[in-house]
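File shown: model-v8.cif (mmCIF, C-alpha atoms).
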```cif
data_protein
loop_
_atom_site.label_atom_id
_atom_site.label_comp_id
_atom_site.auth_asym_id
_atom_site.auth_seq_id
_atom_site.Cartn_x
_atom_site.Cartn_y
_atom_site.Cartn_z
CA MET A 79 -20.79 -29.85 16.65
CA MET A 80 -21.35 -31.23 13.18
CA ILE A 81 -24.17 -33.80 13.04
CA VAL A 82 -24.26 -36.31 10.20
CA ILE A 83 -26.16 -39.47 9.29
CA SER A 84 -24.36 -42.51 7.90
CA LEU A 85 -26.74 -43.19 5.02
CA GLY A 86 -26.49 -46.70 3.58
CA TRP A 87 -29.93 -46.57 1.88
CA GLY A 88 -31.17 -49.48 3.98
CA ALA A 89 -34.42 -49.34 5.94
CA GLN A 90 -32.86 -48.10 9.18
CA SER A 91 -30.62 -45.31 7.90
CA THR A 92 -33.32 -44.20 5.45
CA THR A 93 -35.69 -43.93 8.40
CA LEU A 94 -33.18 -41.71 10.24
CA ALA A 95 -32.84 -39.45 7.19
CA ALA A 96 -36.62 -39.27 6.74
CA MET A 97 -37.08 -38.47 10.44
CA ALA A 98 -34.63 -35.60 10.09
CA ALA A 99 -36.40 -34.43 6.92
CA LEU A 100 -39.81 -34.43 8.64
CA GLY A 101 -38.57 -32.78 11.84
CA VAL A 102 -39.03 -35.85 14.05
CA LEU A 103 -35.33 -35.71 14.85
CA GLY A 104 -33.21 -32.61 15.07
CA PRO A 105 -31.63 -31.08 11.95
CA VAL A 106 -28.47 -32.63 10.53
CA ASP A 107 -25.64 -31.12 8.54
CA ALA A 108 -25.50 -33.96 6.04
CA ALA A 109 -26.56 -37.51 5.29
CA ILE A 110 -23.41 -39.15 3.94
CA ASN A 111 -23.63 -42.13 1.61
CA ALA A 112 -20.40 -44.07 1.04
CA ASP A 113 -20.97 -45.52 -2.42
CA THR A 114 -18.93 -48.67 -3.02
CA THR A 115 -20.09 -48.56 -6.67
CA TYR A 116 -21.09 -52.22 -6.27
CA GLU A 117 -24.61 -51.79 -4.90
CA SER A 118 -27.66 -53.33 -6.52
CA VAL A 119 -29.19 -51.42 -9.40
CA LEU A 120 -32.36 -51.42 -7.27
CA THR A 121 -30.56 -49.47 -4.53
CA TYR A 122 -29.23 -46.91 -7.02
CA GLN A 123 -32.70 -46.47 -8.48
CA TYR A 124 -34.16 -46.03 -5.00
CA ALA A 125 -31.52 -43.47 -4.02
CA ALA A 126 -32.20 -41.49 -7.18
CA ARG A 127 -35.87 -41.27 -6.20
CA LEU A 128 -35.48 -40.51 -2.49
CA ALA A 129 -32.45 -38.20 -2.42
CA PRO A 130 -34.36 -35.28 -4.04
CA TRP A 131 -37.21 -35.78 -1.52
CA LEU A 132 -34.73 -35.49 1.36
CA GLU A 133 -32.97 -32.50 -0.19
CA GLU A 134 -36.27 -30.66 -0.65
CA ARG A 135 -36.87 -31.06 3.10
CA GLY A 136 -33.52 -29.76 4.21
CA VAL A 137 -31.41 -32.92 4.43
CA ARG A 138 -28.25 -32.51 2.39
CA VAL A 139 -27.32 -35.83 0.77
CA VAL A 140 -23.59 -36.26 0.16
CA LYS A 141 -22.14 -39.16 -1.82
CA VAL A 142 -18.52 -40.13 -1.21
CA GLU A 143 -16.46 -42.81 -2.92
CA GLN A 144 -13.07 -44.41 -2.55
CA ASP A 145 -10.61 -42.97 -5.05
CA PRO A 146 -9.69 -44.89 -7.11
CA ARG A 147 -12.72 -47.15 -7.33
CA PRO A 148 -12.52 -50.14 -4.96
CA ASP A 149 -10.87 -53.12 -6.61
CA LEU A 150 -11.77 -56.68 -5.71
CA GLN A 151 -8.03 -57.34 -5.51
CA ASN A 152 -6.50 -54.59 -3.39
CA VAL A 153 -3.17 -52.84 -3.88
CA ARG A 154 -1.58 -55.14 -1.30
CA GLY A 155 -2.30 -58.12 -3.54
CA GLY A 156 -5.06 -59.41 -1.32
CA VAL A 157 -8.86 -59.37 -1.21
CA ASP A 158 -10.90 -57.00 0.97
CA ILE A 159 -14.22 -58.86 0.97
CA PRO A 160 -14.76 -61.74 3.45
CA ALA A 161 -14.56 -64.43 0.78
CA PHE A 162 -14.63 -68.13 1.55
CA THR A 163 -11.49 -70.23 1.00
CA ASP A 164 -11.33 -73.84 -0.04
CA THR A 165 -8.84 -74.70 2.68
CA GLU A 166 -9.15 -77.96 4.57
CA ASN A 167 -10.81 -76.18 7.50
CA GLY A 168 -13.01 -74.01 5.31
CA GLY A 169 -11.73 -70.60 6.34
CA ARG A 170 -12.56 -67.13 5.07
CA ILE A 171 -10.72 -63.87 4.39
CA HIS A 172 -10.71 -61.16 7.03
CA ARG A 173 -13.09 -58.40 6.01
CA GLN A 174 -11.57 -55.03 5.13
CA CYS A 175 -14.18 -53.73 2.69
CA THR A 176 -16.35 -51.90 5.24
CA TYR A 177 -13.41 -49.89 6.51
CA GLU A 178 -11.68 -49.30 3.18
CA TRP A 179 -14.75 -48.69 1.02
CA LYS A 180 -17.11 -46.96 3.48
CA ILE A 181 -15.57 -45.72 6.72
CA ARG A 182 -12.41 -44.18 5.25
CA PRO A 183 -14.20 -42.18 2.50
CA ILE A 184 -16.70 -40.83 5.06
CA ARG A 185 -13.92 -39.79 7.40
CA ARG A 186 -11.99 -38.08 4.61
CA TRP A 187 -15.08 -36.00 3.85
CA LEU A 188 -15.61 -35.20 7.53
CA GLN A 189 -12.03 -34.08 7.99
CA ALA A 190 -12.30 -31.83 4.96
CA ASN A 191 -15.59 -30.25 6.07
CA ARG A 192 -15.86 -30.23 9.87
CA ASN A 193 -13.67 -27.12 10.34
CA GLY A 194 -12.12 -28.57 13.45
CA GLU A 195 -15.49 -29.23 15.09
CA PRO A 196 -16.32 -32.56 16.74
CA VAL A 197 -18.75 -34.80 14.87
CA GLU A 198 -21.82 -36.66 16.09
CA GLN A 199 -22.51 -39.49 13.65
CA TRP A 200 -25.95 -41.08 13.65
CA ILE A 201 -25.88 -44.76 12.71
CA GLY A 202 -29.03 -46.67 11.75
CA ILE A 203 -28.74 -49.66 14.04
CA SER A 204 -32.08 -50.87 15.41
CA THR A 205 -32.97 -52.79 18.57
CA ASP A 206 -32.79 -56.16 16.84
CA GLU A 207 -29.16 -55.42 15.90
CA ALA A 208 -27.95 -53.87 19.15
CA LEU A 209 -24.88 -56.11 19.23
CA ARG A 210 -23.57 -54.18 16.20
CA MET A 211 -23.20 -50.97 18.22
CA LYS A 212 -19.57 -49.90 18.42
CA THR A 213 -18.03 -46.74 19.83
CA SER A 214 -15.95 -44.63 17.47
CA ASP A 215 -12.24 -45.39 17.31
CA VAL A 216 -11.34 -41.76 16.54
CA LYS A 217 -11.58 -38.93 19.06
CA TYR A 218 -13.39 -36.38 16.90
CA ILE A 219 -16.39 -38.66 16.15
CA THR A 220 -19.04 -39.69 18.67
CA ASN A 221 -21.39 -42.40 17.44
CA ARG A 222 -25.07 -42.15 18.28
CA TRP A 223 -27.89 -44.62 17.63
CA PRO A 224 -31.24 -42.75 17.58
CA LEU A 225 -33.24 -45.86 16.66
CA ILE A 226 -31.97 -47.60 19.80
CA GLU A 227 -32.94 -44.53 21.83
CA LEU A 228 -36.43 -44.67 20.31
CA GLY A 229 -36.73 -48.43 20.91
CA MET A 230 -37.29 -49.13 17.20
CA SER A 231 -36.66 -52.44 15.44
CA ARG A 232 -36.16 -52.83 11.71
CA MET A 233 -39.84 -53.73 11.32
CA ASP A 234 -40.75 -50.60 13.29
CA CYS A 235 -38.74 -48.63 10.74
CA VAL A 236 -40.55 -50.28 7.85
CA ALA A 237 -43.90 -49.54 9.50
CA TRP A 238 -42.88 -45.93 10.19
CA LEU A 239 -41.97 -45.38 6.53
CA GLN A 240 -45.15 -47.07 5.30
CA GLU A 241 -47.35 -44.96 7.56
CA ARG A 242 -45.93 -41.84 5.94
CA GLY A 243 -46.14 -43.11 2.39
CA ILE A 244 -42.38 -43.37 2.00
CA GLU A 245 -41.14 -46.14 -0.29
CA ILE A 246 -39.44 -49.02 1.51
CA PRO A 247 -35.84 -49.46 0.31
CA PRO A 248 -34.42 -52.75 -0.96
CA ARG A 249 -31.67 -54.41 1.07
CA SER A 250 -28.46 -52.42 0.71
CA ALA A 251 -25.22 -54.37 0.18
CA CYS A 252 -22.67 -55.05 -2.51
CA VAL A 253 -24.13 -57.52 -4.99
CA PHE A 254 -21.35 -60.03 -4.29
CA CYS A 255 -21.34 -59.64 -0.49
CA PRO A 256 -20.75 -63.07 1.11
CA TYR A 257 -22.92 -62.07 4.09
CA ARG A 258 -26.09 -63.11 2.33
CA SER A 259 -28.78 -65.71 2.97
CA ALA A 260 -30.10 -68.09 0.32
CA LYS A 261 -33.22 -65.95 -0.09
CA GLU A 262 -31.08 -62.87 -0.66
CA TRP A 263 -29.00 -64.66 -3.29
CA GLN A 264 -32.26 -65.54 -5.01
CA LEU A 265 -33.14 -61.84 -5.12
CA ILE A 266 -29.77 -61.03 -6.63
CA LYS A 267 -30.29 -63.65 -9.33
CA ALA A 268 -33.74 -62.20 -10.07
CA THR A 269 -32.05 -58.94 -11.14
CA PRO A 270 -29.97 -59.86 -14.23
CA ALA A 271 -27.50 -56.96 -14.01
CA ASP A 272 -26.81 -57.70 -10.34
CA TRP A 273 -26.38 -61.41 -11.01
CA ARG A 274 -23.91 -60.79 -13.83
CA ALA A 275 -21.89 -58.48 -11.58
CA ALA A 276 -21.91 -60.98 -8.72
CA VAL A 277 -20.80 -63.86 -10.97
CA GLU A 278 -18.03 -61.69 -12.47
CA ALA A 279 -16.81 -60.71 -8.99
CA ASP A 280 -16.80 -64.33 -7.87
CA ARG A 281 -14.69 -65.30 -10.88
CA ALA A 282 -12.35 -62.32 -10.41
CA ILE A 283 -11.28 -63.32 -6.90
CA ARG A 284 -10.90 -67.05 -7.57
CA LYS A 285 -7.11 -67.09 -7.94
CA ALA A 286 -6.30 -63.94 -5.98
CA ARG A 287 -4.85 -65.76 -2.98
CA PRO A 288 -2.89 -68.83 -4.09
CA PRO A 289 -2.62 -71.66 -3.37
CA TYR A 290 -6.29 -71.53 -2.29
CA ASP A 291 -9.29 -70.62 -4.41
CA LEU A 292 -11.75 -67.98 -3.15
CA PHE A 293 -15.53 -67.90 -3.45
CA VAL A 294 -18.35 -65.52 -2.49
CA HIS A 295 -20.72 -68.36 -1.58
CA PRO A 296 -20.27 -70.62 1.48
CA SER A 297 -20.68 -73.72 -0.67
CA ARG A 298 -17.25 -72.88 -2.07
CA LYS A 299 -18.49 -73.44 -5.58
CA PRO A 300 -18.58 -71.04 -8.54
CA LEU A 301 -21.62 -68.85 -7.98
CA GLU A 302 -23.27 -69.82 -11.26
CA ASP A 303 -23.15 -73.49 -10.18
CA VAL A 304 -24.66 -73.03 -6.71
CA ASP A 305 -28.07 -74.42 -5.78
CA LEU A 306 -29.66 -71.24 -4.41
CA ARG A 307 -32.65 -72.92 -2.85
CA THR A 308 -32.99 -72.36 0.89
CA ALA A 309 -32.54 -75.21 3.35
CA GLU A 310 -36.32 -75.26 3.82
CA GLU A 311 -36.85 -75.47 0.06
CA ARG A 312 -34.52 -78.46 0.02
CA GLY A 313 -36.48 -80.06 2.84
CA GLN A 314 -34.03 -79.30 5.65
CA MET A 315 -34.69 -77.73 9.04
CA ARG A 316 -33.52 -74.14 9.40
CA LEU A 317 -30.61 -73.51 11.79
CA TRP A 318 -29.26 -70.09 10.91
CA ASP A 319 -28.55 -67.70 8.06
CA GLU A 320 -25.44 -65.66 7.39
CA GLU A 321 -25.65 -62.29 9.09
CA CYS A 322 -23.42 -59.24 8.69
CA SER A 323 -22.11 -57.56 11.83
CA GLY A 324 -20.78 -54.52 10.00
CA LEU A 325 -22.38 -51.25 8.92
CA CYS A 326 -22.97 -51.94 5.24
CA GLY A 327 -26.70 -52.41 5.03
CA VAL A 328 -28.07 -49.96 7.58
#
```
Show me the file's structure as structure tokens.
Amino acid sequence: MMIVISLGWGAQSTTLAAMAALGVLGPVDAAINADTTYESVLTYQYAARLAPWLEERGVRVVKVEQDPRPDLQNVRGGVDIPAFTDTENGGRIHRQCTYEWKIRPIRRWLQANRNGEPVEQWIGISTDEALRMKTSDVKYITNRWPLIELGMSRMDCVAWLQERGIEIPPRSACVFCPYRSAKEWQLIKATPADWRAAVEADRAIRKARPPYDLFVHPSRKPLEDVDLRTAEERGQMRLWDEECSGLCGV
């Protein structure tokens, strides 16, 4: 059986890769990163620092990408990201980006390299995200969640990395991902290159699905015009933040 890690460069999947590198978990054949090419510059910088450390300890890091590069407006004339619409009921686009930009490139690599063997894929979902666990929808892949088996939360992962002197990764997600809290949008704006890319993406999708306009922010305003203060900073009580139920940031 081929054993691989789905490596998104978030805290959880990085912990899995580090555990394999340090012998805490069994050896793996590869840690596969599906690069959307739209990650934060901070994530790319982090990956450039940590990938050699993993490789030196026996964890092969493989980067796969969609070919051609993912386009904000897909070949079907639609939009893959779960953008907000300015319809009367305030709808949003069905998300296809996780499957098209991450899952499909990983599976293409697996099919080309597994030599007919079944695959056990380790996914970095922690106990505080257990609802995100999903069985594989293809027969040759069995999903496994080692962090769940170990009873580890995201904060446990952060503590585990800190105890071993391993740098904590920044949040991993496309810079324009609509599944983002106000605090996370503030972090994007604090990194000029990421903010420019997010604003450009927001503008690029605006007229992609007539007659409605599309937006990356739930306010349904152009991103550069949005008040990015949190509800608490505006004096409101907190109810909830946007959360992603996919596999992007693990």
Inset, instruction - Write out as an MDAnalysis selection string which residues come within 10 Å of range 178-192 of chain A when counting all atoms listed in the file, dropping same-chain ones fewer than 2 positions away. - result: chainID A and resid 79:82 84 86 107 110:115 140:145 147:149 152 158 173:176 194:197 216 218:219 325:326
Legend entry - Spatial neighbours of Gly88 in chain A, max dist 12 Å, only C-alpha atoms, sep filter under 5 positions, as an NGL selection string: :A and (93-96 or 111 or 117-118 or 120-122 or 124-125 or 128 or 201-204 or 232 or 235-236 or 239 or 245-251 or 325-328)
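With CA of Val253 in chain A on one side and CA of Glu207 in chain A on the other, the separation reads 21.6 Å.
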Legend entry - Result set of the PyMOL selection byres ((chain A and resi 298-300) around 8) on the coordinates above, as a list in words: Phe162, Thr163, Asp164, Val277, Asp280, Arg281, Leu292, Phe293, Val294, His295, Pro296, Ser297, Leu301, Glu302, Asp303 and Val304 of chain A
Inset, instruction - Name the residues that the PyMOL selection byres ((chain A and resi 231) around 6) pulls out of this structure, and write them as a PyMOL selection string. - result: chain A and resi 204-206+230+232-234
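Shortest atom-to-atom contact with Thr220 in chain A among A:Glu133, A:Glu241, A:Trp200, A:Arg312: A:Trp200, counting only C-alpha atoms.
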Legend entry - Using all atoms listed in the file: which of A:Ile244, A:Leu306, A:Ile159, A:Ile83 has the shortest distance to Gly104 in chain A: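 Selected residue with least distance to Gly104 in chain A: A:Ile83.
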Legend entry - Atomic separation - CA of Thr308 in chain A relative to CA of Gln264 in chain A, Å: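 One can read the CA of Gln264 in chain A to CA of Thr308 in chain A distance as 9.0 Å.
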Legend entry - Nearest to Ala268 in chain A, chosen from A:Met97, A:Gln90, A:Val119, A:Pro288, with all atoms listed in the file counted in the distances: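 Of all the options, A:Val119 lies closest to Ala268 in chain A.
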Inset, instruction - Could you jot down the CA of Val106 in chain A to CA of Gly229 in chain A separation for me, Å, one decimal place? - result: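 That distance, rounded to one decimal, is 20.6 Å.
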Inset, instruction - Could you check which of A:Ala98, A:Ile171, A:Ala286, A:Thr269 is closest to Arg135 in chain A, using all atoms listed in the file? - result: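 Selected residue with least distance to Arg135 in chain A: A:Ala98.
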Inset, instruction - Anything within 6 Å of (-32.0, -29.9, 9.2): list those residues as a ChimeraX atom specification, counting only C-alpha atoms and sticking to the file's coordinates. - result: /A:105-106,136-137
